[in-house]
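Trainee: The file below is upload.cif, mmCIF, C-alpha atoms and all ligand atoms:
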```cif
data_upload
loop_
_atom_site.label_atom_id
_atom_site.label_comp_id
_atom_site.auth_asym_id
_atom_site.auth_seq_id
_atom_site.Cartn_x
_atom_site.Cartn_y
_atom_site.Cartn_z
CA MET T 1 98.36 103.48 138.66
CA THR T 2 99.29 106.53 136.68
CA ASP T 3 97.26 108.81 134.45
CA ARG T 4 100.34 109.67 132.44
CA PRO T 5 100.33 108.09 128.96
CA ARG T 6 101.97 104.68 129.27
CA VAL T 7 104.51 104.08 126.57
CA VAL T 8 106.40 100.84 126.00
CA VAL T 9 109.67 101.40 124.15
CA GLY T 10 110.78 98.10 122.63
CA VAL T 11 114.38 97.91 121.50
CA ALA T 12 115.58 95.22 119.11
CA GLY T 13 119.17 94.15 118.59
CA GLY T 14 120.70 96.59 116.12
CA ILE T 15 123.48 99.13 116.41
CA ALA T 16 120.84 101.91 116.40
CA ALA T 17 119.77 100.68 119.87
CA TYR T 18 121.83 103.52 121.35
CA LYS T 19 119.56 106.04 119.63
CA ALA T 20 116.59 104.63 121.56
CA CYS T 21 118.19 106.14 124.70
CA GLU T 22 117.30 109.58 123.38
CA LEU T 23 113.80 108.43 122.49
CA VAL T 24 113.27 107.15 126.05
CA ARG T 25 114.61 110.40 127.47
CA ARG T 26 112.24 112.45 125.33
CA PHE T 27 109.27 110.41 126.54
CA THR T 28 110.19 110.60 130.22
CA GLU T 29 110.99 114.32 130.07
CA SER T 30 107.64 115.08 128.46
CA GLY T 31 105.76 113.29 131.26
CA HIS T 32 105.17 109.84 129.83
CA ASP T 33 105.33 106.68 131.89
CA VAL T 34 107.93 104.59 130.08
CA THR T 35 108.68 100.88 130.23
CA VAL T 36 111.64 99.74 128.17
CA VAL T 37 111.52 96.20 126.80
CA PRO T 38 114.76 95.31 125.03
CA THR T 39 115.38 92.03 123.28
CA GLN T 40 118.26 89.88 124.48
CA ALA T 41 120.23 90.98 121.42
CA ALA T 42 119.56 94.67 122.18
CA LEU T 43 121.22 94.16 125.56
CA GLU T 44 124.42 93.26 123.71
CA PHE T 45 124.43 96.85 122.42
CA VAL T 46 123.08 98.81 125.40
CA GLY T 47 122.89 97.27 128.87
CA ALA T 48 119.86 96.97 131.16
CA PRO T 49 121.21 99.52 133.71
CA THR T 50 121.07 102.25 131.03
CA TRP T 51 117.44 101.50 130.22
CA ALA T 52 116.52 101.22 133.89
CA ALA T 53 118.17 104.55 134.71
CA LEU T 54 116.55 106.36 131.78
CA SER T 55 113.06 104.98 132.38
CA GLY T 56 113.19 104.78 136.16
CA LYS T 57 111.92 101.20 136.04
CA PRO T 58 113.37 97.71 136.19
CA VAL T 59 114.08 96.19 132.80
CA ALA T 60 113.70 92.61 131.59
CA ALA T 61 114.05 90.98 128.19
CA ASP T 62 112.70 87.54 129.08
CA VAL T 63 109.37 86.36 130.47
CA TRP T 64 110.93 84.71 133.53
CA SER T 65 111.51 87.79 135.70
CA ASN T 66 108.72 88.75 138.14
CA VAL T 67 106.55 85.95 136.79
CA HIS T 68 103.93 86.52 139.53
CA GLU T 69 103.15 89.88 137.86
CA VAL T 70 102.57 88.14 134.51
CA PRO T 71 104.62 90.77 132.66
CA HIS T 72 104.31 89.12 129.24
CA VAL T 73 100.61 89.98 129.28
CA ARG T 74 100.37 92.94 131.64
CA ILE T 75 102.86 95.29 129.93
CA GLY T 76 101.09 95.06 126.57
CA GLN T 77 97.58 95.22 128.04
CA GLU T 78 98.27 98.37 130.05
CA ALA T 79 100.14 100.30 127.35
CA ASP T 80 98.70 103.34 125.57
CA LEU T 81 101.37 103.02 122.87
CA VAL T 82 104.06 100.51 121.98
CA VAL T 83 106.95 101.74 119.86
CA VAL T 84 109.85 99.56 118.77
CA ALA T 85 113.00 101.46 117.78
CA PRO T 86 115.03 100.07 116.20
CA ALA T 87 112.87 97.29 114.77
CA THR T 88 115.28 94.86 113.10
CA ALA T 89 114.43 92.57 110.18
CA ASP T 90 114.25 89.72 112.69
CA LEU T 91 111.85 91.63 114.97
CA LEU T 92 109.60 92.54 112.00
CA ALA T 93 109.51 88.87 110.98
CA ARG T 94 108.65 87.67 114.47
CA ALA T 95 106.00 90.36 114.90
CA ALA T 96 104.44 89.66 111.50
CA HIS T 97 104.16 85.95 112.27
CA GLY T 98 102.87 86.29 115.80
CA LEU T 99 105.82 84.70 117.58
CA ALA T 100 105.99 85.22 121.32
CA ASP T 101 109.44 83.97 122.17
CA ASP T 102 110.52 86.86 124.39
CA LEU T 103 109.00 89.68 126.42
CA LEU T 104 108.92 92.16 123.53
CA THR T 105 107.11 89.91 121.04
CA SER T 106 104.70 88.80 123.81
CA THR T 107 104.02 92.45 124.52
CA LEU T 108 103.33 93.10 120.83
CA LEU T 109 100.82 90.24 120.83
CA THR T 110 98.96 91.45 123.90
CA ALA T 111 98.93 95.17 123.05
CA ARG T 112 95.51 96.57 122.21
CA CYS T 113 96.90 100.07 121.71
CA PRO T 114 98.53 101.59 118.60
CA VAL T 115 101.88 100.04 117.70
CA VAL T 116 104.63 101.98 115.92
CA LEU T 117 107.64 100.17 114.48
CA ALA T 118 110.71 102.14 113.40
CA PRO T 119 112.81 99.77 111.28
CA ALA T 120 116.59 100.02 111.00
CA MET T 121 118.72 97.58 109.04
CA HIS T 122 120.95 97.35 106.03
CA THR T 123 119.39 98.27 102.69
CA GLU T 124 119.62 94.68 101.42
CA MET T 125 117.65 93.43 104.42
CA TRP T 126 115.02 96.20 104.10
CA GLU T 127 114.57 95.49 100.37
CA ASN T 128 114.51 91.71 100.77
CA ALA T 129 111.19 90.23 99.64
CA ALA T 130 110.73 88.54 103.02
CA THR T 131 111.03 91.86 104.89
CA GLU T 132 108.77 93.61 102.38
CA ALA T 133 106.13 90.92 102.87
CA ASN T 134 106.42 91.16 106.66
CA VAL T 135 106.03 94.94 106.56
CA ALA T 136 102.99 94.57 104.30
CA ILE T 137 101.38 92.11 106.74
CA LEU T 138 102.04 94.40 109.70
CA ARG T 139 100.68 97.47 107.89
CA GLU T 140 97.63 95.54 106.78
CA ARG T 141 96.90 94.78 110.42
CA GLY T 142 97.09 98.46 111.38
CA THR T 143 100.63 98.65 112.72
CA LEU T 144 102.34 101.90 111.81
CA VAL T 145 105.66 100.95 110.22
CA ILE T 146 107.67 104.15 109.76
CA GLU T 147 109.78 104.38 106.60
CA PRO T 148 113.47 104.13 107.43
CA ALA T 149 115.63 107.09 106.47
CA ASP T 150 118.37 107.25 103.83
CA GLY T 151 121.91 107.83 104.98
CA ARG T 152 124.95 106.40 106.65
CA LEU T 153 124.52 102.82 107.88
CA THR T 154 126.82 100.82 110.13
CA GLY T 155 130.28 100.75 108.64
CA LYS T 156 131.08 102.62 105.47
CA ASP T 157 127.92 101.95 103.48
CA THR T 158 125.04 104.33 102.98
CA GLY T 159 121.50 103.76 101.76
CA ARG T 160 117.95 103.26 102.92
CA GLY T 161 117.61 101.56 106.27
CA ARG T 162 118.81 104.13 108.75
CA LEU T 163 116.75 104.68 111.90
CA PRO T 164 114.90 108.00 111.58
CA ASP T 165 116.02 110.72 113.97
CA PRO T 166 114.74 109.95 117.54
CA ALA T 167 113.11 113.42 117.59
CA GLU T 168 111.22 112.42 114.48
CA ILE T 169 110.09 109.06 115.92
CA PHE T 170 109.03 110.86 119.08
CA GLU T 171 106.90 113.37 117.14
CA THR T 172 105.23 110.56 115.22
CA CYS T 173 104.48 108.70 118.46
CA VAL T 174 103.03 111.80 120.11
CA GLY T 175 100.78 112.21 117.08
CA VAL T 176 99.64 108.62 117.26
CA LEU T 177 98.99 108.87 121.01
CA GLN T 178 97.05 112.07 120.56
CA ARG T 179 95.03 110.57 117.77
CA SER T 180 94.19 107.41 119.67
CA ARG T 181 93.17 109.43 122.71
CA ASP T 182 90.98 111.78 120.71
CA ALA T 183 89.34 108.91 118.90
CA ASP T 184 88.73 107.01 122.12
CA GLY T 185 91.20 104.22 121.55
CA THR T 186 90.63 103.65 117.87
CA PHE T 187 93.38 104.48 115.46
CA ALA T 188 91.82 105.81 112.28
CA ARG T 189 93.81 105.51 109.06
CA ASP T 190 91.22 107.54 107.25
CA LEU T 191 93.58 109.04 104.67
CA VAL T 192 94.73 105.75 103.14
CA GLY T 193 94.71 106.07 99.33
CA ARG T 194 94.71 109.90 99.51
CA ARG T 195 97.46 112.18 98.22
CA VAL T 196 97.98 115.39 100.12
CA VAL T 197 100.27 118.39 99.74
CA VAL T 198 101.36 120.46 102.72
CA SER T 199 103.46 123.61 102.54
CA ALA T 200 105.50 124.74 105.55
CA GLY T 201 107.98 127.38 106.64
CA GLY T 202 108.57 130.89 105.44
CA THR T 203 109.85 131.93 102.04
CA ARG T 204 112.77 134.28 101.52
CA GLU T 205 113.22 136.88 98.84
CA HIS T 206 116.83 137.73 98.13
CA LEU T 207 118.08 141.29 97.83
CA ASP T 208 121.63 140.18 97.04
CA PRO T 209 123.66 136.98 97.57
CA VAL T 210 123.71 137.40 101.36
CA ARG T 211 120.55 139.32 102.30
CA PHE T 212 116.90 138.44 102.11
CA LEU T 213 113.43 139.49 103.22
CA GLY T 214 111.96 136.71 105.34
CA ASN T 215 109.54 135.98 108.12
CA ARG T 216 109.34 134.16 111.45
CA SER T 217 107.49 131.02 110.40
CA SER T 218 109.19 127.97 111.97
CA GLY T 219 107.41 125.34 109.89
CA LEU T 220 106.34 123.42 113.01
CA GLN T 221 102.61 123.43 112.20
CA GLY T 222 103.20 122.36 108.59
CA TYR T 223 105.52 119.55 109.68
CA ALA T 224 102.96 118.42 112.26
CA LEU T 225 100.34 118.37 109.49
CA ALA T 226 102.58 116.31 107.22
CA ARG T 227 103.35 113.78 109.96
CA ALA T 228 99.73 113.54 111.07
CA ALA T 229 98.61 112.87 107.48
CA ALA T 230 101.29 110.17 107.09
CA VAL T 231 100.16 108.55 110.34
CA ARG T 232 96.60 108.52 108.96
CA GLY T 233 97.82 106.72 105.85
CA ALA T 234 98.10 109.52 103.26
CA GLU T 235 100.77 109.82 100.60
CA VAL T 236 102.27 113.15 101.63
CA THR T 237 104.31 115.75 99.75
CA LEU T 238 105.74 118.37 102.08
CA VAL T 239 106.98 121.53 100.39
CA ALA T 240 109.25 123.17 102.96
CA ALA T 241 110.60 126.70 102.75
CA ASN T 242 113.72 127.41 104.83
CA THR T 243 112.95 125.10 107.74
CA GLU T 244 115.44 123.61 110.19
CA LEU T 245 113.41 120.68 111.45
CA PRO T 246 114.16 116.94 111.17
CA ASP T 247 112.86 115.41 107.94
CA PRO T 248 109.56 113.63 108.60
CA SER T 249 109.88 110.00 107.56
CA GLY T 250 107.45 108.47 105.09
CA VAL T 251 106.91 111.90 103.52
CA THR T 252 108.25 113.24 100.20
CA LEU T 253 110.10 116.41 101.10
CA LEU T 254 110.70 119.18 98.56
CA ARG T 255 112.81 122.13 99.63
CA VAL T 256 112.19 125.61 98.25
CA GLY T 257 113.45 129.11 98.97
CA SER T 258 111.31 131.85 97.44
CA THR T 259 107.57 132.30 96.95
CA ALA T 260 107.96 131.62 93.20
CA GLU T 261 109.71 128.30 93.95
CA LEU T 262 107.03 127.43 96.49
CA GLN T 263 104.34 128.19 93.92
CA ASP T 264 105.97 125.96 91.27
CA ALA T 265 106.40 123.04 93.70
CA VAL T 266 102.87 123.32 95.15
CA LEU T 267 101.21 123.62 91.74
CA ALA T 268 103.10 120.59 90.38
CA ALA T 269 102.27 118.45 93.42
CA ALA T 270 98.64 119.69 93.58
CA ALA T 271 97.84 118.35 90.11
CA ASP T 272 96.81 114.94 91.47
CA ALA T 273 96.26 115.80 95.14
CA ASP T 274 93.07 115.20 97.14
CA ALA T 275 93.98 118.00 99.53
CA VAL T 276 96.34 120.97 99.62
CA VAL T 277 97.13 122.64 102.93
CA MET T 278 98.95 125.96 102.70
CA ALA T 279 100.56 126.24 106.12
CA ALA T 280 103.59 128.11 104.75
CA ALA T 281 104.06 131.83 105.18
CA PRO T 282 105.02 133.00 101.68
CA ALA T 283 106.62 136.42 101.41
CA ASP T 284 103.99 138.67 99.83
CA PHE T 285 106.55 140.95 98.22
CA ARG T 286 109.89 140.54 96.47
CA PRO T 287 112.50 143.10 95.45
CA THR T 288 112.00 144.13 91.82
CA LYS T 289 115.75 143.79 91.32
CA VAL T 290 118.09 141.24 92.89
CA SER T 291 121.71 142.35 92.92
CA ASP T 292 124.21 139.71 91.72
CA THR T 293 126.80 141.15 94.04
CA LYS T 294 126.64 142.22 97.65
CA ILE T 295 125.10 145.68 98.02
CA LYS T 296 127.77 147.95 99.51
CA LYS T 297 127.30 150.84 101.93
CA ALA T 298 127.46 154.20 100.20
CA GLY T 299 130.27 156.46 101.39
CA ASP T 300 127.92 159.40 101.97
CA GLY T 301 125.89 157.59 104.66
CA SER T 302 122.77 157.25 102.48
CA ALA T 303 120.73 154.05 102.49
CA PRO T 304 119.49 152.29 99.35
CA THR T 305 115.80 152.36 98.48
CA ILE T 306 114.40 148.90 97.87
CA GLU T 307 111.55 148.70 95.42
CA LEU T 308 109.18 145.79 95.93
CA GLU T 309 106.64 144.04 93.75
CA GLN T 310 103.86 141.73 94.83
CA ASN T 311 104.21 137.94 94.75
CA PRO T 312 101.39 135.75 93.49
CA ASP T 313 98.92 134.52 96.11
CA ILE T 314 99.35 130.75 95.79
CA LEU T 315 96.35 129.84 97.93
CA ALA T 316 93.97 132.16 96.10
CA GLY T 317 95.39 130.94 92.79
CA ILE T 318 94.74 127.23 93.37
CA SER T 319 91.41 127.93 95.05
CA HIS T 320 90.05 129.94 92.14
CA ASP T 321 91.67 127.90 89.39
CA ARG T 322 91.49 124.43 90.87
CA PRO T 323 93.83 121.71 89.59
CA ARG T 324 91.16 119.19 90.65
CA PRO T 325 87.57 120.29 91.28
CA ASP T 326 87.05 117.76 94.10
CA ALA T 327 90.23 118.59 96.03
CA VAL T 328 89.95 120.18 99.47
CA ILE T 329 92.00 123.35 99.79
CA VAL T 330 93.01 124.66 103.19
CA GLY T 331 94.51 128.03 104.05
CA PHE T 332 95.80 129.63 107.21
CA ALA T 333 95.17 133.11 108.50
CA ALA T 334 97.25 134.77 111.15
CA GLU T 335 95.10 137.60 112.47
CA THR T 336 95.33 140.07 115.30
CA GLY T 337 91.93 141.74 114.94
CA ASP T 338 91.74 145.50 114.44
CA GLU T 339 89.26 148.36 114.19
CA THR T 340 87.77 146.83 111.01
CA GLY T 341 86.81 143.57 112.65
CA SER T 342 87.43 140.79 115.15
CA VAL T 343 89.81 137.92 114.45
CA LEU T 344 86.87 135.76 113.34
CA GLU T 345 85.27 138.44 111.16
CA LEU T 346 88.57 139.03 109.40
CA GLY T 347 88.92 135.25 109.04
CA ARG T 348 85.51 134.91 107.38
CA ALA T 349 86.31 137.73 104.99
CA LYS T 350 89.67 136.13 104.14
CA LEU T 351 88.02 132.76 103.53
CA GLU T 352 85.74 134.41 100.97
CA ARG T 353 88.57 136.36 99.39
CA LYS T 354 90.91 133.40 99.08
CA GLY T 355 88.16 131.02 97.92
CA CYS T 356 89.50 128.00 99.85
CA ASP T 357 87.32 125.34 101.50
CA LEU T 358 88.74 125.64 105.01
CA LEU T 359 90.58 128.45 106.72
CA VAL T 360 92.50 127.82 109.94
CA VAL T 361 92.41 131.09 111.84
CA ASN T 362 95.10 131.75 114.46
CA ASP T 363 94.96 134.67 116.83
CA VAL T 364 98.55 135.94 116.74
CA GLY T 365 98.03 139.03 118.85
CA GLY T 366 101.08 139.51 121.11
CA GLY T 367 103.40 137.43 118.91
CA ARG T 368 101.85 134.12 119.90
CA VAL T 369 102.20 130.91 117.83
CA PHE T 370 105.52 131.44 116.02
CA GLY T 371 108.00 128.72 116.97
CA GLU T 372 105.86 127.47 119.85
CA ALA T 373 104.92 123.84 120.37
CA ASP T 374 101.27 124.74 121.03
CA ASN T 375 98.67 126.37 118.89
CA GLN T 376 95.03 127.34 119.09
CA ALA T 377 92.69 127.90 116.18
CA VAL T 378 89.23 128.13 114.77
CA ILE T 379 88.71 126.15 111.57
CA LEU T 380 86.22 127.98 109.37
CA GLY T 381 84.48 126.11 106.57
CA ARG T 382 83.00 127.58 103.41
CA ASP T 383 79.91 125.60 104.31
CA GLY T 384 79.50 127.89 107.35
CA THR T 385 81.07 125.59 109.95
CA ALA T 386 83.35 126.94 112.69
CA VAL T 387 85.26 124.35 114.70
CA ASP T 388 87.01 125.64 117.78
CA VAL T 389 90.34 123.96 118.54
CA PRO T 390 91.35 124.95 122.09
CA ARG T 391 95.05 125.47 122.87
CA ALA T 392 96.77 122.16 122.22
CA SER T 393 99.94 120.76 120.68
CA LYS T 394 100.47 121.53 117.00
CA VAL T 395 100.08 117.78 116.42
CA ALA T 396 96.61 117.86 117.98
CA VAL T 397 95.70 120.92 115.91
CA ALA T 398 96.97 119.08 112.81
CA HIS T 399 94.66 116.15 113.50
CA ALA T 400 91.71 118.50 114.05
CA ILE T 401 92.43 120.01 110.62
CA TRP T 402 92.64 116.59 108.94
CA ASP T 403 89.34 115.65 110.64
CA GLN T 404 87.73 118.54 108.76
CA VAL T 405 89.46 117.61 105.49
CA VAL T 406 88.24 114.01 105.85
CA ARG T 407 84.71 115.30 106.48
CA LEU T 408 84.81 117.34 103.26
CA LEU T 409 86.42 114.53 101.22
CA ALA T 410 83.52 112.27 102.21
CA ARG T 411 80.95 114.65 100.68
N1 LIG K 1 99.44 132.61 101.04
C1 LIG K 1 99.77 132.20 99.75
N2 LIG K 1 100.52 133.01 98.94
C2 LIG K 1 100.93 134.22 99.36
C3 LIG K 1 100.58 134.66 100.66
C4 LIG K 1 99.83 133.84 101.47
O1 LIG K 1 99.39 131.10 99.37
N3 LIG K 1 101.65 134.98 98.57
C5 LIG K 1 98.63 131.74 101.88
C6 LIG K 1 99.28 131.29 103.16
O2 LIG K 1 99.97 130.07 103.00
C7 LIG K 1 98.08 131.12 104.08
C8 LIG K 1 97.09 132.14 103.58
O3 LIG K 1 97.51 132.47 102.27
O4 LIG K 1 97.50 129.85 103.93
C9 LIG K 1 96.92 133.37 104.39
O5 LIG K 1 98.06 134.12 104.46
P1 LIG K 1 98.01 135.66 104.98
O6 LIG K 1 99.43 136.08 105.11
O7 LIG K 1 97.14 135.79 106.16
O8 LIG K 1 97.30 136.32 103.76
P2 LIG K 1 97.48 137.70 103.20
O9 LIG K 1 96.88 137.66 101.86
O10 LIG K 1 98.91 138.11 103.35
O11 LIG K 1 96.57 138.51 104.19
P3 LIG K 1 96.56 140.03 104.57
O12 LIG K 1 95.71 140.61 103.52
O13 LIG K 1 95.94 139.95 105.93
O14 LIG K 1 97.97 140.49 104.56
#
```
Re-express the file's structure as structure tokens.
Mentor:
Amino acid sequence: MTDRPRVVVGVAGGIAAYKACELVRRFTESGHDVTVVPTQAALEFVGAPTWAALSGKPVAADVWSNVHEVPHVRIGQEADLVVVAPATADLLARAAHGLADDLLTSTLLTARCPVVLAPAMHTEMWENAATEANVAILRERGTLVIEPADGRLTGKDTGRGRLPDPAEIFETCVGVLQRSRDADGTFARDLVGRRVVVSAGGTREHLDPVRFLGNRSSGLQGYALARAAAVRGAEVTLVAANTELPDPSGVTLLRVGSTAELQDAVLAAAADADAVVMAAAPADFRPTKVSDTKIKKAGDGSAPTIELEQNPDILAGISHDRPRPDAVIVGFAAETGDETGSVLELGRAKLERKGCDLLVVNDVGGGRVFGEADNQAVILGRDGTAVDVPRASKVAVAHAIWDQVVRLLAR
């Protein structure tokens, strides 16, 4: 037995099967116990030796190998997560109708853990009424069916139906695993029917066509929040400023550059949102003048003086002048603590000043947090609550934040 999370990677017979190799590698390298279950058709694309080598385990597609170990029941029963990537139209149909005609569909029927399906097929197949109905059945039963991406398909055609980036599928799966572990096996879709807005990344204020004032925000925490909300069933708008991360699937992504653009996008999306989470790091100042041409060095060795003016505080703005009175508004505070107060004291004061409902306070003393996979926080509530989130993945921190949002939405 192993105490590593046990992940079954199902692979159906589509050209995107080769991308599942990277997914398997990501799972094994991050310490998961992986069993690959391809369909017979998947083995036409990528052979069993590849899957066996990547997972370190024997691979079978049928139910007739190692029958004494009853694999068609055992693999599903023991799994902590089953993910199928790519899930073809045929696989979705068989899963929706409870067929058990190979090892993968048998595993899907016996799994008691969360199931994630990442569809990949041609646009016509994805948009066919039969596929739409199958996806609806699966979602109704609690299966997480990731939205396929738009882009190049097999051959020359492009459109919806592309397998999302393996890194993206991996992040979603880690979020689901984390969630199911936290919630003791149950997989709460407690944001179904809710619209949420998340901002991420750092804004840039241009001095001239090639130079800008920016900051070190990577966008990782905001992206984790967007994915976690999508996993919990929310309709998510992610407003991303200058990020270089894979697009989260099933999320409406709006790209912005400056604080003014971020403000416009957030305010527009917040009009009918149940929650707004400002995880972005907007530049607080912008140059009063932006040069249309590149600023040149002066011959006399002098340096230009850059005059700055203050940007609007988006979080304070929507907190004090709320687009919807019942919406939950969440801010972030990166604090180091100083002679005027501890990290928490400064956090409480900022919560009051900004007027938001929740403030996620990070201790960034010593340059921690930026660009790292982990985070640690205290979530302060205007109602006096303080929830400590010990150092954990940004996905886990994201779920802890949504737990607090869900608590406030239920008021
Ligand atoms: N924020 C915002 N608009 C700004 C600046 C910040 O909406 N122009 C939001 C951030 O997204 C974050 C929160 O405000 O949710 C806290 O950001 P922080 O930089 O700590 O706030 P400041 O007002 O810059 O705090 P300080 O006075 O400590 O500089």
Trainee: Please write as a PDB file with C-alpha atoms, keeping the file's coordinate frame the list of polymer residues whose atoms come within 7 Å of (96.6, 109.0, 104.8), counting only C-alpha atoms and keeping to the coordinates of the file.
Mentor:
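Output file part_8.pdb is given in full below:
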```pdb
ATOM      1  CA  ARG T 189      93.810 105.510 109.060  1.00  0.00           C
ATOM      2  CA  ASP T 190      91.220 107.540 107.250  1.00  0.00           C
ATOM      3  CA  LEU T 191      93.580 109.040 104.670  1.00  0.00           C
ATOM      4  CA  VAL T 192      94.730 105.750 103.140  1.00  0.00           C
ATOM      5  CA  GLY T 193      94.710 106.070  99.330  1.00  0.00           C
ATOM      6  CA  ARG T 194      94.710 109.900  99.510  1.00  0.00           C
ATOM      7  CA  ALA T 229      98.610 112.870 107.480  1.00  0.00           C
ATOM      8  CA  ALA T 230     101.290 110.170 107.090  1.00  0.00           C
ATOM      9  CA  VAL T 231     100.160 108.550 110.340  1.00  0.00           C
ATOM     10  CA  ARG T 232      96.600 108.520 108.960  1.00  0.00           C
ATOM     11  CA  GLY T 233      97.820 106.720 105.850  1.00  0.00           C
ATOM     12  CA  ALA T 234      98.100 109.520 103.260  1.00  0.00           C
ATOM     13  CA  GLU T 235     100.770 109.820 100.600  1.00  0.00           C
TER      14      GLU T 235
END
```
Trainee: Out of T:Lys296, T:Arg227, T:Arg204, T:His68, which residue has the shortest atom-to-atom distance to ligand LIG 1 (chain K) when counting only C-alpha atoms and all ligand atoms?
Mentor: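 Counting only C-alpha atoms and all ligand atoms, the residue closest to ligand LIG 1 (chain K) is T:Arg204.
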Trainee: Tell me which residues come within 7 Å of (104.2, 91.3, 130.4), as a short mmCIF file (atom, residue, chain, number, x, y, z; two decimals) with C-alpha atoms, in the coordinates of the input, counting all atoms listed in the file in the file's coordinates.
Mentor:
```cif
data_model
loop_
_atom_site.label_atom_id
_atom_site.label_comp_id
_atom_site.auth_asym_id
_atom_site.auth_seq_id
_atom_site.Cartn_x
_atom_site.Cartn_y
_atom_site.Cartn_z
CA VAL T 70 102.57 88.14 134.51
CA PRO T 71 104.62 90.77 132.66
CA HIS T 72 104.31 89.12 129.24
CA VAL T 73 100.61 89.98 129.28
CA ARG T 74 100.37 92.94 131.64
CA ILE T 75 102.86 95.29 129.93
CA GLY T 76 101.09 95.06 126.57
CA LEU T 103 109.00 89.68 126.42
CA THR T 107 104.02 92.45 124.52
#
```
Trainee: Counting only C-alpha atoms and all ligand atoms, what are the residues of chain T within 7 Å of ligand LIG 1 (chain K), and for each of them which pair of atoms is the nearest and at what distance in Å, to one decimal? Sort the table by chain and rising number, as a tab-separated table.
Mentor:
```
residue	atom	partner	partner_atom	distance
T:Thr259	CA	K:LIG1	N3	6.7
T:Met278	CA	K:LIG1	O2	4.2
T:Ala279	CA	K:LIG1	O2	5.0
T:Ala280	CA	K:LIG1	O2	4.5
T:Ala281	CA	K:LIG1	O2	5.0
T:Pro282	CA	K:LIG1	C3	4.8
T:Ala283	CA	K:LIG1	N3	5.9
T:Asp284	CA	K:LIG1	N3	4.5
T:Asn311	CA	K:LIG1	N3	5.5
T:Pro312	CA	K:LIG1	N3	5.1
T:Asp313	CA	K:LIG1	N2	3.6
T:Ile314	CA	K:LIG1	O1	3.6
T:Leu315	CA	K:LIG1	O1	3.6
T:Ala316	CA	K:LIG1	O1	6.4
T:Val330	CA	K:LIG1	O4	6.9
T:Gly331	CA	K:LIG1	O4	3.5
T:Phe332	CA	K:LIG1	O4	3.7
T:Ala333	CA	K:LIG1	O7	4.1
T:Ala334	CA	K:LIG1	O7	5.1
T:Glu335	CA	K:LIG1	O7	6.9
```
Trainee: Those residues with C-alpha atoms, as an mmCIF file, keeping the file's coordinate frame please?
Mentor:
```
data_model
loop_
_atom_site.group_PDB
_atom_site.id
_atom_site.type_symbol
_atom_site.label_atom_id
_atom_site.label_comp_id
_atom_site.auth_asym_id
_atom_site.auth_seq_id
_atom_site.Cartn_x
_atom_site.Cartn_y
_atom_site.Cartn_z
ATOM 1 C CA THR T 259 107.570 132.300 96.950
ATOM 2 C CA MET T 278 98.950 125.960 102.700
ATOM 3 C CA ALA T 279 100.560 126.240 106.120
ATOM 4 C CA ALA T 280 103.590 128.110 104.750
ATOM 5 C CA ALA T 281 104.060 131.830 105.180
ATOM 6 C CA PRO T 282 105.020 133.000 101.680
ATOM 7 C CA ALA T 283 106.620 136.420 101.410
ATOM 8 C CA ASP T 284 103.990 138.670 99.830
ATOM 9 C CA ASN T 311 104.210 137.940 94.750
ATOM 10 C CA PRO T 312 101.390 135.750 93.490
ATOM 11 C CA ASP T 313 98.920 134.520 96.110
ATOM 12 C CA ILE T 314 99.350 130.750 95.790
ATOM 13 C CA LEU T 315 96.350 129.840 97.930
ATOM 14 C CA ALA T 316 93.970 132.160 96.100
ATOM 15 C CA VAL T 330 93.010 124.660 103.190
ATOM 16 C CA GLY T 331 94.510 128.030 104.050
ATOM 17 C CA PHE T 332 95.800 129.630 107.210
ATOM 18 C CA ALA T 333 95.170 133.110 108.500
ATOM 19 C CA ALA T 334 97.250 134.770 111.150
ATOM 20 C CA GLU T 335 95.100 137.600 112.470
#
```
Trainee: Under the rule that only C-alpha atoms are counted, which of T:Leu138, T:Ala149, T:Ser291, T:Gly317 is the nearest residue to Thr252 (chain T)?
Mentor: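 That would be T:Ala149, the residue with the smallest distance to Thr252 (chain T).
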Trainee: Figure out the distance between CA of Gly161 (chain T) and CA of Thr131 (chain T), please, to one decimal in Å.
Mentor: 11.8 Å
Trainee: Can you tell me, as a list in words, what residues are no more than 8 Å from Leu177 (chain T) when counting only C-alpha atoms, ignoring any on the same chain fewer than 3 positions away?
Mentor: Asp80, Leu81, Pro114, Cys173, Val174, Ser180 and Arg181 of chain T
Trainee: Smallest atom-to-atom distance to Cys21 (chain T): which of T:Glu44, T:Val34, T:Leu54, T:Val145, using all atoms listed in the file?
Mentor: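 Smallest distance to Cys21 (chain T) is found for T:Leu54.
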Trainee: Nearest residue to Ala96 (chain T) out of T:Asn134, T:Gln77, T:Ser393, T:Thr158, using all atoms listed in the file?
Mentor: T:Asn134
Trainee: Using only C-alpha atoms, can you tell me which of T:Ala377, T:Ala200, T:Cys356, T:Leu104 comes closest to Leu91 (chain T)?
Mentor: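 Answer, going by the shortest atom-to-atom distance: T:Leu104.
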Trainee: Which residues are near region 382-386 of chain T? Cut-off 9 Å, all atoms listed in the file, ignore same chain within fewer than 5 positions. Put them as a list in words.
Mentor: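 Neighbouring residues, sequence-local ones excluded: Arg348, Leu351, Glu352, Gly355, Cys356, Asp357, Leu358 and Leu359 of chain T.
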Trainee: Keeping only C-alpha atoms, take the residues you just selected and write them out as a short mmCIF file (atom, residue, chain, number, x, y, z; two decimals), keeping the file's coordinate frame.
Mentor:
```
data_model
loop_
_atom_site.label_atom_id
_atom_site.label_comp_id
_atom_site.auth_asym_id
_atom_site.auth_seq_id
_atom_site.Cartn_x
_atom_site.Cartn_y
_atom_site.Cartn_z
CA ARG T 348 85.51 134.91 107.38
CA LEU T 351 88.02 132.76 103.53
CA GLU T 352 85.74 134.41 100.97
CA GLY T 355 88.16 131.02 97.92
CA CYS T 356 89.50 128.00 99.85
CA ASP T 357 87.32 125.34 101.50
CA LEU T 358 88.74 125.64 105.01
CA LEU T 359 90.58 128.45 106.72
#
```
